[in-house]
Every structure is written in structure tokens, then in C-alpha cells.
file input.cif (mmCIF, C-alpha atoms, pLDDT in the B column; chains and numbers go by the auth columns)
data_input
loop_
_atom_site.group_PDB
_atom_site.id
_atom_site.type_symbol
_atom_site.label_atom_id
_atom_site.label_comp_id
_atom_site.label_asym_id
_atom_site.label_seq_id
_atom_site.Cartn_x
_atom_site.Cartn_y
_atom_site.Cartn_z
_atom_site.B_iso_or_equiv
_atom_site.auth_seq_id
_atom_site.auth_asym_id
ATOM 1 C CA MET A 1 47.162 46.895 -3.020 53.00 9 A
ATOM 2 C CA PHE A 2 47.300 50.497 -1.950 59.00 10 A
ATOM 3 C CA ALA A 3 46.084 51.413 -5.412 67.00 11 A
ATOM 4 C CA ALA A 4 42.806 49.680 -4.641 69.00 12 A
ATOM 5 C CA LEU A 5 42.255 52.084 -1.752 71.00 13 A
ATOM 6 C CA ALA A 6 43.618 55.162 -3.463 72.00 14 A
ATOM 7 C CA ASP A 7 40.219 56.000 -4.912 78.00 15 A
ATOM 8 C CA PRO A 8 38.024 57.691 -2.293 80.00 16 A
ATOM 9 C CA THR A 9 34.923 56.038 -3.734 83.00 17 A
ATOM 10 C CA ARG A 10 36.420 52.646 -2.980 84.00 18 A
ATOM 11 C CA ARG A 11 37.207 53.649 0.576 81.00 19 A
ATOM 12 C CA GLN A 12 33.592 54.738 0.933 82.00 20 A
ATOM 13 C CA LEU A 13 32.363 51.466 -0.500 85.00 21 A
ATOM 14 C CA LEU A 14 34.510 49.591 1.985 83.00 22 A
ATOM 15 C CA ASP A 15 33.217 51.692 4.890 80.00 23 A
ATOM 16 C CA GLN A 16 29.674 51.048 3.746 82.00 24 A
ATOM 17 C CA LEU A 17 30.224 47.325 3.514 83.00 25 A
ATOM 18 C CA ALA A 18 31.819 47.379 6.946 75.00 26 A
ATOM 19 C CA ALA A 19 28.792 49.173 8.361 75.00 27 A
ATOM 20 C CA GLU A 20 25.981 47.445 6.483 77.00 28 A
ATOM 21 C CA GLY A 21 27.424 44.475 4.656 68.00 29 A
ATOM 22 C CA PRO A 22 26.978 42.044 3.066 82.00 30 A
ATOM 23 C CA LEU A 23 25.415 43.896 0.165 87.00 31 A
ATOM 24 C CA THR A 24 24.877 43.273 -3.511 87.00 32 A
ATOM 25 C CA ALA A 25 26.370 45.583 -6.109 87.00 33 A
ATOM 26 C CA THR A 26 22.837 46.801 -6.834 87.00 34 A
ATOM 27 C CA ALA A 27 22.216 47.681 -3.207 87.00 35 A
ATOM 28 C CA LEU A 28 25.533 49.513 -3.048 87.00 36 A
ATOM 29 C CA ALA A 29 24.817 51.456 -6.225 87.00 37 A
ATOM 30 C CA GLU A 30 21.663 52.877 -4.681 86.00 38 A
ATOM 31 C CA HIS A 31 23.800 55.008 -2.400 81.00 39 A
ATOM 32 C CA TYR A 32 25.996 56.512 -5.059 81.00 40 A
ATOM 33 C CA PRO A 33 25.422 58.672 -8.106 82.00 41 A
ATOM 34 C CA MET A 34 26.884 56.018 -10.360 83.00 42 A
ATOM 35 C CA SER A 35 25.729 52.933 -12.190 86.00 43 A
ATOM 36 C CA ARG A 36 25.787 49.386 -10.893 86.00 44 A
ATOM 37 C CA GLN A 37 28.441 48.654 -13.507 88.00 45 A
ATOM 38 C CA ALA A 38 30.655 51.389 -12.097 88.00 46 A
ATOM 39 C CA VAL A 39 30.160 50.009 -8.588 89.00 47 A
ATOM 40 C CA ALA A 40 30.941 46.553 -9.937 88.00 48 A
ATOM 41 C CA LYS A 41 34.254 47.764 -11.353 89.00 49 A
ATOM 42 C CA HIS A 42 35.249 49.198 -7.985 89.00 50 A
ATOM 43 C CA ILE A 43 34.219 45.975 -6.253 89.00 51 A
ATOM 44 C CA THR A 44 36.330 44.010 -8.726 88.00 52 A
ATOM 45 C CA ALA A 45 39.343 46.126 -7.858 87.00 53 A
ATOM 46 C CA LEU A 46 38.712 45.722 -4.143 87.00 54 A
ATOM 47 C CA ALA A 47 38.264 41.959 -4.543 85.00 55 A
ATOM 48 C CA GLY A 48 41.490 41.760 -6.527 82.00 56 A
ATOM 49 C CA ALA A 49 43.293 43.408 -3.656 80.00 57 A
ATOM 50 C CA GLY A 50 41.801 40.928 -1.226 80.00 58 A
ATOM 51 C CA LEU A 51 39.784 43.569 0.598 83.00 59 A
ATOM 52 C CA VAL A 52 36.323 42.397 -0.367 85.00 60 A
ATOM 53 C CA VAL A 53 34.843 38.937 -0.735 83.00 61 A
ATOM 54 C CA GLY A 54 31.747 37.924 -2.672 84.00 62 A
ATOM 55 C CA GLU A 55 29.410 35.247 -1.398 81.00 63 A
ATOM 56 C CA ARG A 56 26.832 33.720 -3.645 81.00 64 A
ATOM 57 C CA SER A 57 23.360 33.664 -2.204 76.00 65 A
ATOM 58 C CA GLY A 58 21.050 32.026 -4.716 80.00 66 A
ATOM 59 C CA ARG A 59 21.499 34.022 -7.910 84.00 67 A
ATOM 60 C CA GLU A 60 22.866 37.071 -6.147 85.00 68 A
ATOM 61 C CA VAL A 61 26.360 37.829 -5.053 87.00 69 A
ATOM 62 C CA ARG A 62 26.744 39.811 -1.856 87.00 70 A
ATOM 63 C CA TYR A 63 29.976 41.460 -0.932 87.00 71 A
ATOM 64 C CA ARG A 64 31.520 41.832 2.463 81.00 72 A
ATOM 65 C CA VAL A 65 34.756 43.132 3.849 79.00 73 A
ATOM 66 C CA ALA A 66 37.443 40.457 3.807 74.00 74 A
ATOM 67 C CA GLY A 67 40.159 39.962 6.368 58.00 75 A
ATOM 68 C CA ALA A 68 39.116 40.733 9.908 46.00 76 A
ATOM 69 C CA GLY A 69 35.771 38.967 9.618 45.00 77 A
ATOM 70 C CA LEU A 70 32.870 41.355 9.348 40.00 78 A
ATOM 71 C CA GLY A 71 34.984 44.063 10.931 51.00 79 A
ATOM 72 C CA ASP A 72 36.207 47.329 9.574 65.00 80 A
ATOM 73 C CA ALA A 73 39.015 47.200 7.019 72.00 81 A
ATOM 74 C CA ALA A 74 40.506 50.400 8.362 76.00 82 A
ATOM 75 C CA THR A 75 40.611 48.999 11.894 80.00 83 A
ATOM 76 C CA TRP A 76 42.246 45.845 10.630 82.00 84 A
ATOM 77 C CA LEU A 77 44.896 47.869 8.871 86.00 85 A
ATOM 78 C CA ALA A 78 45.509 50.094 11.875 87.00 86 A
ATOM 79 C CA ASP A 79 45.976 47.073 14.142 88.00 87 A
ATOM 80 C CA VAL A 80 48.284 45.364 11.695 93.00 88 A
ATOM 81 C CA GLU A 81 50.325 48.520 11.249 94.00 89 A
ATOM 82 C CA THR A 82 50.725 48.972 14.991 93.00 90 A
ATOM 83 C CA LYS A 83 51.912 45.419 15.386 95.00 91 A
ATOM 84 C CA TRP A 84 54.414 45.581 12.551 97.00 92 A
ATOM 85 C CA ASP A 85 55.770 48.934 13.628 96.00 93 A
ATOM 86 C CA ARG A 86 56.449 47.457 17.043 96.00 94 A
ATOM 87 C CA ARG A 87 58.090 44.348 15.608 97.00 95 A
ATOM 88 C CA LEU A 88 60.218 46.205 13.116 97.00 96 A
ATOM 89 C CA ASP A 89 61.360 48.646 15.794 97.00 97 A
ATOM 90 C CA ALA A 90 62.535 45.714 17.870 97.00 98 A
ATOM 91 C CA LEU A 91 64.109 44.088 14.829 98.00 99 A
ATOM 92 C CA GLN A 92 66.101 47.204 14.015 97.00 100 A
ATOM 93 C CA ARG A 93 67.273 47.560 17.605 96.00 101 A
ATOM 94 C CA ARG A 94 68.714 44.071 17.406 95.00 102 A
ATOM 95 C CA PHE A 95 71.097 45.257 14.718 95.00 103 A
ATOM 96 C CA GLN A 96 72.157 48.436 16.416 88.00 104 A
ATOM 97 C CA GLU A 97 74.789 47.027 18.746 69.00 105 A
ATOM 98 C CA MET B 1 47.571 46.320 2.283 83.00 16 B
ATOM 99 C CA LEU B 2 50.433 46.972 4.625 93.00 17 B
ATOM 100 C CA GLU B 3 53.895 47.523 3.289 96.00 18 B
ATOM 101 C CA ARG B 4 57.064 48.502 5.115 97.00 19 B
ATOM 102 C CA HIS B 5 60.589 48.973 3.819 97.00 20 B
ATOM 103 C CA LEU B 6 63.623 49.142 5.995 96.00 21 B
ATOM 104 C CA PHE B 7 67.350 48.878 5.688 97.00 22 B
ATOM 105 C CA ILE B 8 69.038 46.409 8.019 98.00 23 B
ATOM 106 C CA PRO B 9 72.807 46.670 8.431 97.00 24 B
ATOM 107 C CA ALA B 10 73.381 42.961 8.102 98.00 25 B
ATOM 108 C CA SER B 11 73.809 40.503 5.280 97.00 26 B
ATOM 109 C CA PRO B 12 70.730 38.831 3.810 98.00 27 B
ATOM 110 C CA GLN B 13 71.946 35.574 5.300 98.00 28 B
ATOM 111 C CA HIS B 14 72.220 37.028 8.779 97.00 29 B
ATOM 112 C CA LEU B 15 68.891 38.835 8.508 98.00 30 B
ATOM 113 C CA TRP B 16 67.207 35.686 7.198 98.00 31 B
ATOM 114 C CA GLU B 17 68.373 33.800 10.240 98.00 32 B
ATOM 115 C CA THR B 18 66.998 36.482 12.544 98.00 33 B
ATOM 116 C CA LEU B 19 63.686 36.449 10.690 98.00 34 B
ATOM 117 C CA THR B 20 63.249 32.699 10.600 98.00 35 B
ATOM 118 C CA ASP B 21 65.105 30.922 13.373 98.00 36 B
ATOM 119 C CA PRO B 22 62.603 30.455 16.212 97.00 37 B
ATOM 120 C CA ALA B 23 65.135 31.334 18.919 97.00 38 B
ATOM 121 C CA SER B 24 65.888 34.634 17.178 97.00 39 B
ATOM 122 C CA VAL B 25 62.304 35.391 16.239 98.00 40 B
ATOM 123 C CA SER B 26 61.239 35.288 19.868 96.00 41 B
ATOM 124 C CA THR B 27 63.564 38.237 20.601 96.00 42 B
ATOM 125 C CA TRP B 28 61.755 40.749 18.380 97.00 43 B
ATOM 126 C CA PHE B 29 58.552 39.389 16.910 97.00 44 B
ATOM 127 C CA GLY B 30 56.396 39.617 19.987 95.00 45 B
ATOM 128 C CA ALA B 31 55.556 35.943 19.696 97.00 46 B
ATOM 129 C CA ARG B 32 57.232 32.591 19.796 97.00 47 B
ATOM 130 C CA VAL B 33 57.079 30.803 16.509 98.00 48 B
ATOM 131 C CA ASP B 34 57.249 27.170 15.670 98.00 49 B
ATOM 132 C CA TRP B 35 57.268 26.472 11.975 98.00 50 B
ATOM 133 C CA ASP B 36 58.363 24.104 9.258 97.00 51 B
ATOM 134 C CA LEU B 37 59.929 26.339 6.637 97.00 52 B
ATOM 135 C CA ARG B 38 58.817 24.482 3.550 97.00 53 B
ATOM 136 C CA PRO B 39 55.870 25.198 1.245 97.00 54 B
ATOM 137 C CA GLY B 40 52.839 23.739 2.945 97.00 55 B
ATOM 138 C CA GLY B 41 54.645 23.540 6.268 98.00 56 B
ATOM 139 C CA PRO B 42 52.597 24.322 9.362 98.00 57 B
ATOM 140 C CA ALA B 43 53.253 27.270 11.652 98.00 58 B
ATOM 141 C CA ARG B 44 52.169 28.149 15.158 98.00 59 B
ATOM 142 C CA PHE B 45 52.634 31.457 16.937 98.00 60 B
ATOM 143 C CA VAL B 46 52.072 32.190 20.593 97.00 61 B
ATOM 144 C CA GLU B 47 51.983 35.923 21.138 94.00 62 B
ATOM 145 C CA ASP B 48 53.301 37.548 24.290 92.00 63 B
ATOM 146 C CA ASP B 49 49.742 38.071 25.513 89.00 64 B
ATOM 147 C CA GLY B 50 49.022 34.369 25.059 92.00 65 B
ATOM 148 C CA ALA B 51 46.991 34.633 21.859 92.00 66 B
ATOM 149 C CA VAL B 52 47.608 31.776 19.466 95.00 67 B
ATOM 150 C CA ARG B 53 47.823 32.018 15.706 96.00 68 B
ATOM 151 C CA LYS B 54 48.177 29.193 13.301 97.00 69 B
ATOM 152 C CA GLY B 55 49.574 29.376 9.848 98.00 70 B
ATOM 153 C CA ARG B 56 51.061 27.757 6.822 98.00 71 B
ATOM 154 C CA ILE B 57 54.154 28.476 4.768 98.00 72 B
ATOM 155 C CA ASP B 58 53.386 29.278 1.132 98.00 73 B
ATOM 156 C CA GLU B 59 56.757 30.039 -0.404 98.00 74 B
ATOM 157 C CA VAL B 60 60.396 29.953 0.659 98.00 75 B
ATOM 158 C CA VAL B 61 63.440 31.167 -1.227 98.00 76 B
ATOM 159 C CA THR B 62 66.200 30.982 1.340 98.00 77 B
ATOM 160 C CA HIS B 63 67.755 34.362 2.138 98.00 78 B
ATOM 161 C CA GLN B 64 65.359 36.101 -0.268 98.00 79 B
ATOM 162 C CA LEU B 65 61.662 35.490 0.239 98.00 80 B
ATOM 163 C CA LEU B 66 59.359 34.054 2.816 98.00 81 B
ATOM 164 C CA ARG B 67 55.632 34.052 2.253 98.00 82 B
ATOM 165 C CA PHE B 68 53.242 32.603 4.789 98.00 83 B
ATOM 166 C CA ARG B 69 49.639 32.912 5.794 97.00 84 B
ATOM 167 C CA TRP B 70 48.320 33.039 9.307 97.00 85 B
ATOM 168 C CA TRP B 71 45.132 33.453 11.257 95.00 86 B
ATOM 169 C CA PRO B 72 43.999 33.707 14.859 92.00 87 B
ATOM 170 C CA GLU B 73 43.320 30.168 16.006 92.00 88 B
ATOM 171 C CA VAL B 74 39.921 31.177 17.348 86.00 89 B
ATOM 172 C CA HIS B 75 38.787 32.555 13.977 84.00 90 B
ATOM 173 C CA GLY B 76 39.924 29.776 11.708 86.00 91 B
ATOM 174 C CA GLU B 77 41.571 29.869 8.336 89.00 92 B
ATOM 175 C CA ASP B 78 38.758 31.846 6.750 85.00 93 B
ATOM 176 C CA GLU B 79 40.185 34.944 8.375 84.00 94 B
ATOM 177 C CA SER B 80 43.735 34.540 7.216 93.00 95 B
ATOM 178 C CA SER B 81 46.182 37.088 5.962 95.00 96 B
ATOM 179 C CA GLU B 82 49.367 36.693 4.032 97.00 97 B
ATOM 180 C CA VAL B 83 52.721 37.988 5.182 98.00 98 B
ATOM 181 C CA THR B 84 55.721 38.395 2.931 98.00 99 B
ATOM 182 C CA TYR B 85 59.352 39.041 3.799 98.00 100 B
ATOM 183 C CA LEU B 86 61.427 40.095 0.845 98.00 101 B
ATOM 184 C CA LEU B 87 65.187 40.543 1.262 98.00 102 B
ATOM 185 C CA GLY B 88 67.478 42.278 -1.195 97.00 103 B
ATOM 186 C CA PRO B 89 71.168 42.978 -0.740 97.00 104 B
ATOM 187 C CA GLN B 90 71.834 46.681 -0.601 96.00 105 B
ATOM 188 C CA GLY B 91 75.330 47.991 -0.087 95.00 106 B
ATOM 189 C CA GLU B 92 76.617 46.799 3.256 95.00 107 B
ATOM 190 C CA GLY B 93 73.268 45.477 4.352 97.00 108 B
ATOM 191 C CA THR B 94 69.858 44.331 3.258 98.00 109 B
ATOM 192 C CA GLU B 95 66.691 46.027 2.142 98.00 110 B
ATOM 193 C CA LEU B 96 63.798 44.305 3.853 98.00 111 B
ATOM 194 C CA THR B 97 60.265 44.635 2.558 98.00 112 B
ATOM 195 C CA ILE B 98 57.415 43.372 4.698 98.00 113 B
ATOM 196 C CA THR B 99 53.845 43.143 3.485 97.00 114 B
ATOM 197 C CA GLU B 100 50.673 41.846 5.014 96.00 115 B
ATOM 198 C CA ARG B 101 47.351 41.595 3.244 94.00 116 B
ATOM 199 C CA PRO B 102 44.079 39.879 4.046 91.00 117 B
ATOM 200 C CA LEU B 103 43.319 36.807 1.990 90.00 118 B
ATOM 201 C CA PRO B 104 39.938 36.187 0.411 79.00 119 B
ATOM 202 C CA THR B 105 38.027 33.259 1.860 70.00 120 B
ATOM 203 C CA GLY B 106 38.009 29.934 0.051 58.00 121 B
ATOM 204 C CA ARG B 107 35.011 30.707 -2.075 43.00 122 B
ATOM 205 C CA PRO B 108 35.616 32.693 -5.230 42.00 123 B
ATOM 206 C CA ALA B 109 33.722 35.961 -5.562 42.00 124 B
ATOM 207 C CA GLY B 110 31.066 35.657 -8.208 39.00 125 B
ATOM 208 C CA ALA B 111 30.964 37.730 -11.343 33.00 126 B
ATOM 209 C CA THR B 112 30.269 41.344 -10.736 36.00 127 B
ATOM 210 C CA THR B 113 26.630 41.167 -11.694 34.00 128 B
ATOM 211 C CA ALA B 114 23.824 38.893 -10.646 35.00 129 B
ATOM 212 C CA ARG B 115 24.106 37.183 -14.016 34.00 130 B
ATOM 213 C CA THR B 116 26.885 34.985 -12.745 34.00 131 B
ATOM 214 C CA THR B 117 28.709 33.309 -15.559 36.00 132 B
ATOM 215 C CA SER B 118 29.354 29.616 -15.390 36.00 133 B
ATOM 216 C CA ALA B 119 33.056 30.300 -15.879 38.00 134 B
ATOM 217 C CA ALA B 120 33.189 32.331 -12.699 37.00 135 B
ATOM 218 C CA ALA B 121 31.129 29.757 -10.829 35.00 136 B
ATOM 219 C CA ASN B 122 33.644 27.072 -11.755 34.00 137 B
ATOM 220 C CA TRP B 123 36.696 28.845 -10.386 34.00 138 B
ATOM 221 C CA THR B 124 37.519 26.267 -7.768 34.00 139 B
ATOM 222 C CA PRO B 125 39.759 25.535 -6.051 35.00 140 B
ATOM 223 C CA TRP B 126 40.482 29.110 -5.122 39.00 141 B
ATOM 224 C CA ASP B 127 43.732 29.896 -6.838 38.00 142 B
ATOM 225 C CA GLY B 128 45.573 32.764 -5.251 37.00 143 B
ATOM 226 C CA ARG B 129 47.125 33.616 -8.609 38.00 144 B
ATOM 227 C CA LEU B 130 43.727 34.347 -10.081 35.00 145 B
ATOM 228 C CA VAL B 131 43.305 37.147 -7.576 36.00 146 B
ATOM 229 C CA GLY B 132 46.002 39.096 -9.373 33.00 147 B
ATOM 230 C CA VAL B 133 44.219 38.897 -12.693 33.00 148 B
ATOM 231 C CA TRP B 134 40.763 39.267 -11.230 33.00 149 B
ATOM 232 C CA GLY B 135 40.512 42.852 -12.317 34.00 150 B
ATOM 233 C CA ARG B 136 40.902 41.841 -15.935 36.00 151 B
ATOM 234 C CA VAL B 137 38.701 38.795 -15.985 35.00 152 B
ATOM 235 C CA ILE B 138 35.218 40.138 -15.559 36.00 153 B
ATOM 236 C CA ALA B 139 33.839 38.548 -18.701 36.00 154 B
ATOM 237 C CA PRO B 140 33.388 34.835 -19.112 41.00 155 B
ATOM 238 C CA VAL B 141 36.680 33.218 -20.002 38.00 156 B
ATOM 239 C CA ALA B 142 37.152 29.507 -20.386 40.00 157 B
ATOM 240 C CA ILE B 143 39.786 28.383 -17.906 43.00 158 B
ATOM 241 C CA GLY B 144 43.086 27.783 -19.622 46.00 159 B
ATOM 242 C CA THR B 145 42.592 30.182 -22.469 40.00 160 B
ATOM 243 C CA ARG B 146 44.125 33.237 -20.792 39.00 161 B
#
call {"tool": "encode", "arguments": {"input": "input.cif", "output": "C-alpha cells"}}
result
Amino acid sequence: MFAALADPTRRQLLDQLAAEGPLTATALAEHYPMSRQAVAKHITALAGAGLVVGERSGREVRYRVAGAGLGDAATWLADVETKWDRRLDALQRRFQE
Amino acid sequence: MLERHLFIPASPQHLWETLTDPASVSTWFGARVDWDLRPGGPARFVEDDGAVRKGRIDEVVTHQLLRFRWWPEVHGEDESSEVTYLLGPQGEGTELTITERPLPTGRPAGATTARTTSAAANWTPWDGRLVGVWGRVIAPVAIGTR
């Protein structure tokens, strides 16, 4: 899962989808110096990690950020991390007596 | 997307109880949980601030693995994420791995180009296991011939 976000291009794609989504692979490719196929490969990786979802609209597929609705993937992660850090702190304290 | 590892100085059995028994969960989780710990079993969480989440158990291997999905009640299941607890004995205690990742919505993503293949269009119902092989299956593949 982290591998999907390890590539900075993918993080940029996610940010873009968060800001402007849903977008087709073609629309995304217009912003980057790479082909639609290259964008498509990144989208595939992001979809495989559950970070991006495609929705068919006629003959097009438009991609949007998965998870916290149309929100920002980074915000979702930050919120989830905060919550788990709090829980796991409390869990560990339970076993410290 | 989120992954945490920690060592708990307790046996897997003891840790499992703390992770799953509702009376114990309420002492550390930040929510009260009510769940039926069997695959498909329903779950309900009421967080300390009153927010309600609903969920469903996906997989249970007692003392080893719990996998469930949950979502804020107000958003509905489309905005669900999957949580995993993985327990492994380690020395005098247990190594606990926690993960949480968003789940795709119920509709499969189409093929990566506008020329959607009929194979991709027929990937229903959404099978979580296909997500793992998604990265490899970008050409039309008849279902069942992987």
C-alpha cells in the first residue's frame, strides 16, 4: 500500500484528483509530461491500493480519490493516523501495570 | 495505507481478548463496540464524541487475525475502510500489526483507457481479492483463466 504512494508522481496525481476530480486519465495526462498510458499505469497502481476509484460515465472512466469521499487522501491518512496513535497509546498503557 | 507495529507484553490470547471483548475495547479504543465476531457479522461503534460507525466483520482467526470494515454511519458503506489486526507470538509477548486502508466503492474501476473491455465491465460483484491483482490485469482476461 505504501508502495503505491512511494512514487512522487502518484502523490501528485492523488492531490490533483483531490483538488479537481473526478478526471479521466486523458484529462490527467494533460498536466504531466507523460503519456496517457503512463498515467493509466499509475492510476492502476493507485486503484490496486484502494486509493483511487474509477466511475464509468458513458464510455469514459473518471477517477476520484477513494476513502474519505471526495476529500483529500492525505487528510484521511492524517486523521486515521492520529486516531490509531491515540488508541495504540492507550492499548499499550493497559499492559504497563 | 496505515500500518503500525507494536510489541505487547502479553500472550496472543490475552491481547486478543483486549482487542475484541467489548468491555475491554471500551477502555482503550475511544469507542464502545458491539459486534458479532464472525465473518459477515455486524458491528457498531459509538465513539466518545458520540459519532456512530457501522461495520462488518470480514475475517476472524481467533488469537491471530481480525479483519473488519467500517464506515461513518452518516456516509454509508460506500466510504468504508478496512482494518486488520494481526497477532504473532514474539518471545514473552505478541507482535501486533494494525492496518487500515480505504476500500474501493462497490463499482469496479473500468479499464485504464476509454476503450473499456467487456471483461473489465463484467467484474461484478466487486471481489476484494481482485484488487490485489488489479495491477497485473490491465488487458482483457476472461474470468477464471488467471
call {"tool": "closest_residue", "arguments": {"input": "input.cif", "among": "B:Arg71, B:His78, B:Glu107, B:Met16", "to": "Glu32 in chain B", "atoms": "all atoms listed in the file"}}
result
B:His78
call {"tool": "resolve_selection", "arguments": {"input": "input.cif", "expression": "the PyMOL selection byres ((chain A) within 9 of (chain B))", "output": "PyMOL selection string"}}
result
chain A and resi 9-10+13+32-34+44-45+47-49+51-64+67-71+74-77+85+88-89+91-104
call {"tool": "atom_distance", "arguments": {"input": "input.cif", "atom1": "CA of Leu101 in chain B", "atom2": "CA of Pro27 in chain B"}}
result
9.8 Å
call {"tool": "closest_residue", "arguments": {"input": "input.cif", "among": "A:Tyr40, A:Pro30, A:Arg19, A:Ala14", "to": "Val73 in chain A", "atoms": "all atoms listed in the file"}}
result
A:Pro30
call {"tool": "closest_residue", "arguments": {"input": "input.cif", "among": "A:His50, A:Thr90, A:Ser43, A:Trp84", "to": "Pro16 in chain A", "atoms": "all atoms listed in the file"}}
result
A:His50
call {"tool": "resolve_selection", "arguments": {"input": "input.cif", "expression": "the PyMOL selection byres ((chain B and resi 72) around 10)", "output": "MDAnalysis selection string"}}
result
chainID B and resid 50:58 70:71 73:75 81:85 97:98
call {"tool": "atom_distance", "arguments": {"input": "input.cif", "atom1": "CA of Arg68 in chain B", "atom2": "CA of Ala81 in chain A"}}
result
19.6 Å
call {"tool": "atom_distance", "arguments": {"input": "input.cif", "atom1": "CA of Ser65 in chain A", "atom2": "CA of Ala35 in chain A"}}
result
14.1 Å
